[in-house]
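A.B. asks: Please find one structure pasted underneath; my questions will follow.
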Amino acid sequence: MKSRIEIGVLYSRSGSYGLVANACHAGTMHAISDINADPTRGIELVAIERDPGGNIDRYAPLCEEILRQSKARHVVGAVTSWSRKEVIPVLEKAGAALWYACPYEGFEANEHVVYMHACPNQHLVPLLAHVVPRFGADGFLLGSNYIWGWETNRVARDLIADAGGKALGERYLPIGETDVSRLIDEIRVTKPSFVLNNLIGTSSYAFFAAYSELARTDPHFGSERCPILSCNLTEAELPAIGEAGRGHLSVGPYFRDGSSATSDTPASSFEASAYASVMVLAKVLSANPGAGFAELSTAFAGASFATPFGNIAVDPRTQHATLPVEIGRISGLGFERVSHIERVAPDPYLSRYDRTKTFGRQRLKVVS
Amino acid sequence: MSRVSHIPNLGGARAFVLHRPHATVSAIARQLAAIGLQVVDCWPELPAEALAADFVFFDVDLGFDQQFPWPRGAAPMPTIALIGSEAPGRIEWALSHKADAQLLKPVGNAGVYSALLIARQSFAARRRLADEVAALQSRVAERQTIVRAVTALSGQGFDDERAYAQLRSLAMNWQVSLEEAARRVVAMTEKEGGVDQSHRA
């Protein structure tokens with residue numbers, strides 16, 4: 001007889017970043033059904049779902065509702081950092097844990113959160129280390145107007161300066177805004193070596209479309225000369241971008257390898273990360289069905305978890321996953337692999353960042 | 001102008017936490033370890049190794065001057081006060097130790113990272129200011145030397161104004177500060193009874 005354990009699922013399946021949330025939701029549900037179908041597992045997971053509908057003010061009350069109305073002590077959910085930060089006080093009050101399956105800007109290690117997607121040393125740092133020697137160090141920085149864009153671009157400014165380049169501009173749009181004409185005008189004038197795109201959802205899709213129009217009139221902006229770089233773009237959103245995405249770059253712990261894929265292969269890193277979250281949680285709960293947030297760090301110590309990212313560890317000190325780092329180039333509805341690092345330990349505070357290792361020694365400038 | 005990286009590189013830094021064994025210490029230690037610092041907790045005294053620490057967290061509720069291997073308010077690194085009771089006497093004591101940042105107890109899941117960055121920056125600013133004040137003070141203390149140098153030079157037939165201009169031009173030629181040039185002039189006067197103009201470059 002399997003013991004039934006309720007877990008919360010908190011994703012906004014509608015709204016401007018619905019594609020990402022749906023990918024996470026699919027991964028979560030897929031993993032739950034795999035666990036439940038596995039006779040060797042002693043547990044059955046029951047999803048307690050709530051959908052904030054993309055409304056930031058609904059996250060905290062709905063998370064509270066899950067924790068109050070069910071026995072769930074673990075919630076898989078939240079896409080934006082803003083929503084993650086909204087639910088943290090609720091988790092702290094109720095003694096619950098959030099399994100967070102999206103890349104984020106780092107500088108957080110809350111014991112009520114397990115960070116299962118990339119932090120900056122697993123996305124932005126390796127991406128710029130790859131791009132700067134090939135395209136140049138001068139970047140134009142874009143973001144949606146909330147913490148992901150602000151903080152990722154702040155780190156990017158420092159990295160660009162360390163690489164000897166300049167941030168030629170930094171612009172933000174409200175979440176959901178699709179008028180990107182001003183950004184395009186500024187990028188046309190400043191002619192950067194790359195554009196770092198921290199826009200999310202519909203703003204990001206509108207930007208890709210407008211940028212590909214720009215490339216048609218000015219060859220400088222072709223993806224082979226001045227690529228758009230993203231740290232959170234996956235297959236989940238490529239249908240909304242279409243041909244405008246071709247040749248541009250993204251980084252993540254996983255891109256779907258079409259050549260060896262089966263119907264069980266996750267379609268994107270969001271799906272893979274949500275799937276991995278439930279798998280890691282299930283292993284912890286199988287060993288100790290009553291495990292709450294306070295038991296997590298002990299459960300992670302020395303443990304290895306089978307996930308779509310391979311066998312991974314979760315750092316007990318920061319509760320961030322060790323992940324592969326892959327850079328992919330958009331090709332149709334998928335990514336071609338540009339580079340791959342098997343495993344990168346998380347460094348959410350960039351405490352081990354080394355500018356020389358990342359960008360090599362800078363050439364000496366002539367001082368007149 | 002050289003540029004300093006803004007990515008706060010705290011990896012491997014050492015923090016001492018001066019607090020009796022308590023949940024507060026484990027909460028702070030957990031956050032420090034997650035950020036990448038090495039943590040040493042101690043009570044009731046800071047050991048001598050603490051002099052080489054990068055940060056010191058100290059308890060305000062039960063703290064006293066003799067715990068520190070430095071005079072009150074003269075910590076050679078950024079310090080963070082751990083305040084539980086907000087009794088005015090305790091806050092006054094924390095202020096006398098010139099804490100660079102503070103954390104309110106009980107310490108939860110956050111707060112240590114901002115305390116580290118704030119403490120580091122305000123300590124650096126305080127030290128810069130102290131260095132500047134010390135430099136200015138030493139220059140003020142040299143006023144008498146300048147007067148003596150000008151007097152010595154005017155003894156060679158210059159009026160005061162020209163003697164001062166002469167001192168400035170010596171300082172420029174020797175590529176030293178006015179005060180340093182004055183010291184040399186005074187030393188030469190004392191040794192040789194006059195300024196050897198061949199020292200002019």
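In the structure tokens, each chain is lettered A, B, ... as it comes, each chain's residues begin at 1, and ligands are numbered from 1 in order of appearance.
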Could you please tell me, as a list in words, which residues of chain A have an atom within 6 Å of chain B when using only C-alpha atoms?
C.D. replies: Asn110, Arg317, Thr318, Tyr349, Ser351 and Arg352 of chain A
A.B. asks: Once you have the residues from the selection above, write them out as a CSV table (one decimal), in the first residue's frame, restricted to C-alpha atoms.
C.D. replies:
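Output saved as again25.csv:
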```csv
chain,number,residue,atom,x,y,z
A,110,ASN,CA,16.6,30.5,1.5
A,317,ARG,CA,24.4,24.6,2.0
A,318,THR,CA,22.6,26.6,-0.7
A,349,TYR,CA,26.5,34.6,-4.7
A,351,SER,CA,31.6,34.0,-4.4
A,352,ARG,CA,34.0,32.0,-6.5
```
A.B. asks: With only C-alpha atoms as the counted atoms, please give the residues lying no more than 8 Å from Asp41 (chain B), apart from itself and same-chain residues fewer than 4 positions off, as JSON, numbers by chain.
C.D. replies: {"B": [16, 17, 18, 19, 25]}
A.B. asks: With a distance cut-off of 6 Å and only C-alpha atoms, select the neighbouring residues of Ala99 (chain B), excluding the residue or stretch itself and same-chain residues fewer than 3 positions from it, and output the selection as a PyMOL selection string.
C.D. replies: chain B and resi 79-81
A.B. asks: Near Ser154 (chain B), within 12 Å and counting only C-alpha atoms, which residues show up once chain neighbours fewer than 2 positions away are dropped, as a list of chain:residue names?
C.D. replies: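 Surrounding residues, per the criterion: B:Val147, B:Arg148, B:Ala149, B:Val150, B:Thr151, B:Ala152, B:Gln156, B:Gly157, B:Phe158, B:Asp159, B:Asp160, B:Glu161, B:Arg162, B:Ala163, B:Tyr164, B:Ala165, B:Gln166, B:Leu167, B:Val185, B:Thr189, B:Gly194, B:Val195.
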A.B. asks: Can you tell me, as JSON, numbers by chain, what residues are no more than 10 Å from Arg134 (chain A) when counting only C-alpha atoms, ignoring any on the same chain fewer than 6 positions away?
C.D. replies: {"A": [128, 193, 224, 225]}
A.B. asks: DSSP on the backbone, then: every residue of region 196-239 of chain A marked alpha helix (DSSP H), written as a ChimeraX atom specification.
C.D. replies: /A:201-217,238-239
A.B. asks: Please dump the current selection as a JSON list (two decimals), in the first residue's frame; keep N, CA and C atoms.
C.D. replies:
```json
[["chain", "number", "residue", "atom", "x", "y", "z"],
["A", 201, "GLY", "N", 8.32, 36.57, -21.68],
["A", 201, "GLY", "CA", 7.00, 36.37, -22.28],
["A", 201, "GLY", "C", 6.78, 37.19, -23.53],
["A", 202, "THR", "N", 5.60, 37.82, -23.62],
["A", 202, "THR", "CA", 5.20, 38.49, -24.86],
["A", 202, "THR", "C", 6.14, 39.65, -25.24],
["A", 203, "SER", "N", 6.75, 40.30, -24.25],
["A", 203, "SER", "CA", 7.70, 41.38, -24.58],
["A", 203, "SER", "C", 8.89, 40.80, -25.33],
["A", 204, "SER", "N", 9.35, 39.65, -24.89],
["A", 204, "SER", "CA", 10.49, 39.00, -25.52],
["A", 204, "SER", "C", 10.14, 38.59, -26.95],
["A", 205, "TYR", "N", 8.95, 38.04, -27.15],
["A", 205, "TYR", "CA", 8.57, 37.60, -28.51],
["A", 205, "TYR", "C", 8.51, 38.81, -29.45],
["A", 206, "ALA", "N", 7.93, 39.91, -28.94],
["A", 206, "ALA", "CA", 7.82, 41.13, -29.76],
["A", 206, "ALA", "C", 9.21, 41.65, -30.11],
["A", 207, "PHE", "N", 10.14, 41.54, -29.16],
["A", 207, "PHE", "CA", 11.48, 42.03, -29.43],
["A", 207, "PHE", "C", 12.17, 41.19, -30.51],
["A", 208, "PHE", "N", 12.07, 39.88, -30.42],
["A", 208, "PHE", "CA", 12.67, 39.03, -31.45],
["A", 208, "PHE", "C", 12.14, 39.39, -32.84],
["A", 209, "ALA", "N", 10.82, 39.58, -32.93],
["A", 209, "ALA", "CA", 10.22, 39.89, -34.23],
["A", 209, "ALA", "C", 10.77, 41.21, -34.77],
["A", 210, "ALA", "N", 10.82, 42.23, -33.92],
["A", 210, "ALA", "CA", 11.27, 43.55, -34.37],
["A", 210, "ALA", "C", 12.77, 43.53, -34.71],
["A", 211, "TYR", "N", 13.54, 42.75, -33.96],
["A", 211, "TYR", "CA", 14.98, 42.69, -34.20],
["A", 211, "TYR", "C", 15.26, 42.00, -35.54],
["A", 212, "SER", "N", 14.45, 41.01, -35.88],
["A", 212, "SER", "CA", 14.70, 40.35, -37.15],
["A", 212, "SER", "C", 14.35, 41.28, -38.31],
["A", 213, "GLU", "N", 13.36, 42.17, -38.11],
["A", 213, "GLU", "CA", 13.08, 43.21, -39.10],
["A", 213, "GLU", "C", 14.28, 44.15, -39.24],
["A", 214, "LEU", "N", 14.86, 44.51, -38.11],
["A", 214, "LEU", "CA", 16.02, 45.40, -38.11],
["A", 214, "LEU", "C", 17.17, 44.75, -38.89],
["A", 215, "ALA", "N", 17.36, 43.44, -38.68],
["A", 215, "ALA", "CA", 18.45, 42.74, -39.37],
["A", 215, "ALA", "C", 18.24, 42.76, -40.88],
["A", 216, "ARG", "N", 16.99, 42.81, -41.30],
["A", 216, "ARG", "CA", 16.70, 42.84, -42.73],
["A", 216, "ARG", "C", 17.20, 44.15, -43.37],
["A", 217, "THR", "N", 17.14, 45.24, -42.60],
["A", 217, "THR", "CA", 17.57, 46.52, -43.17],
["A", 217, "THR", "C", 19.04, 46.81, -42.86],
["A", 238, "LEU", "N", 9.81, 28.84, -28.27],
["A", 238, "LEU", "CA", 10.20, 29.02, -29.68],
["A", 238, "LEU", "C", 9.01, 29.11, -30.63],
["A", 239, "PRO", "N", 7.91, 28.38, -30.39],
["A", 239, "PRO", "CA", 6.77, 28.52, -31.31],
["A", 239, "PRO", "C", 6.25, 29.97, -31.35]]
```
A.B. asks: List as a PyMOL selection string the protein and nucleic acid residues near Ile228 (chain A), meaning an atom at most 8 Å away when only C-alpha atoms are counted, but skip any in the same chain fewer than 4 places from it.
C.D. replies: chain A and resi 194-197+223+248-249
A.B. asks: What gap, in Å, lies between CA of Trp43 (chain B) and CA of Ser26 (chain B)?
C.D. replies: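 According to the coordinates, CA of Trp43 (chain B) and CA of Ser26 (chain B) are separated by 13.8 Å.
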A.B. asks: Taking the chain letters and numbering used in this document, name the residues of region 108-180 of chain A that DSSP puts in strand (DSSP E), as number ranges by chain.
C.D. replies: A: 113-115, 139-144, 167-173
A.B. asks: Could you state the separation of CA of Arg72 (chain B) and CA of Cys42 (chain B) in Å, given to one decimal place?
C.D. replies: 18.5 Å
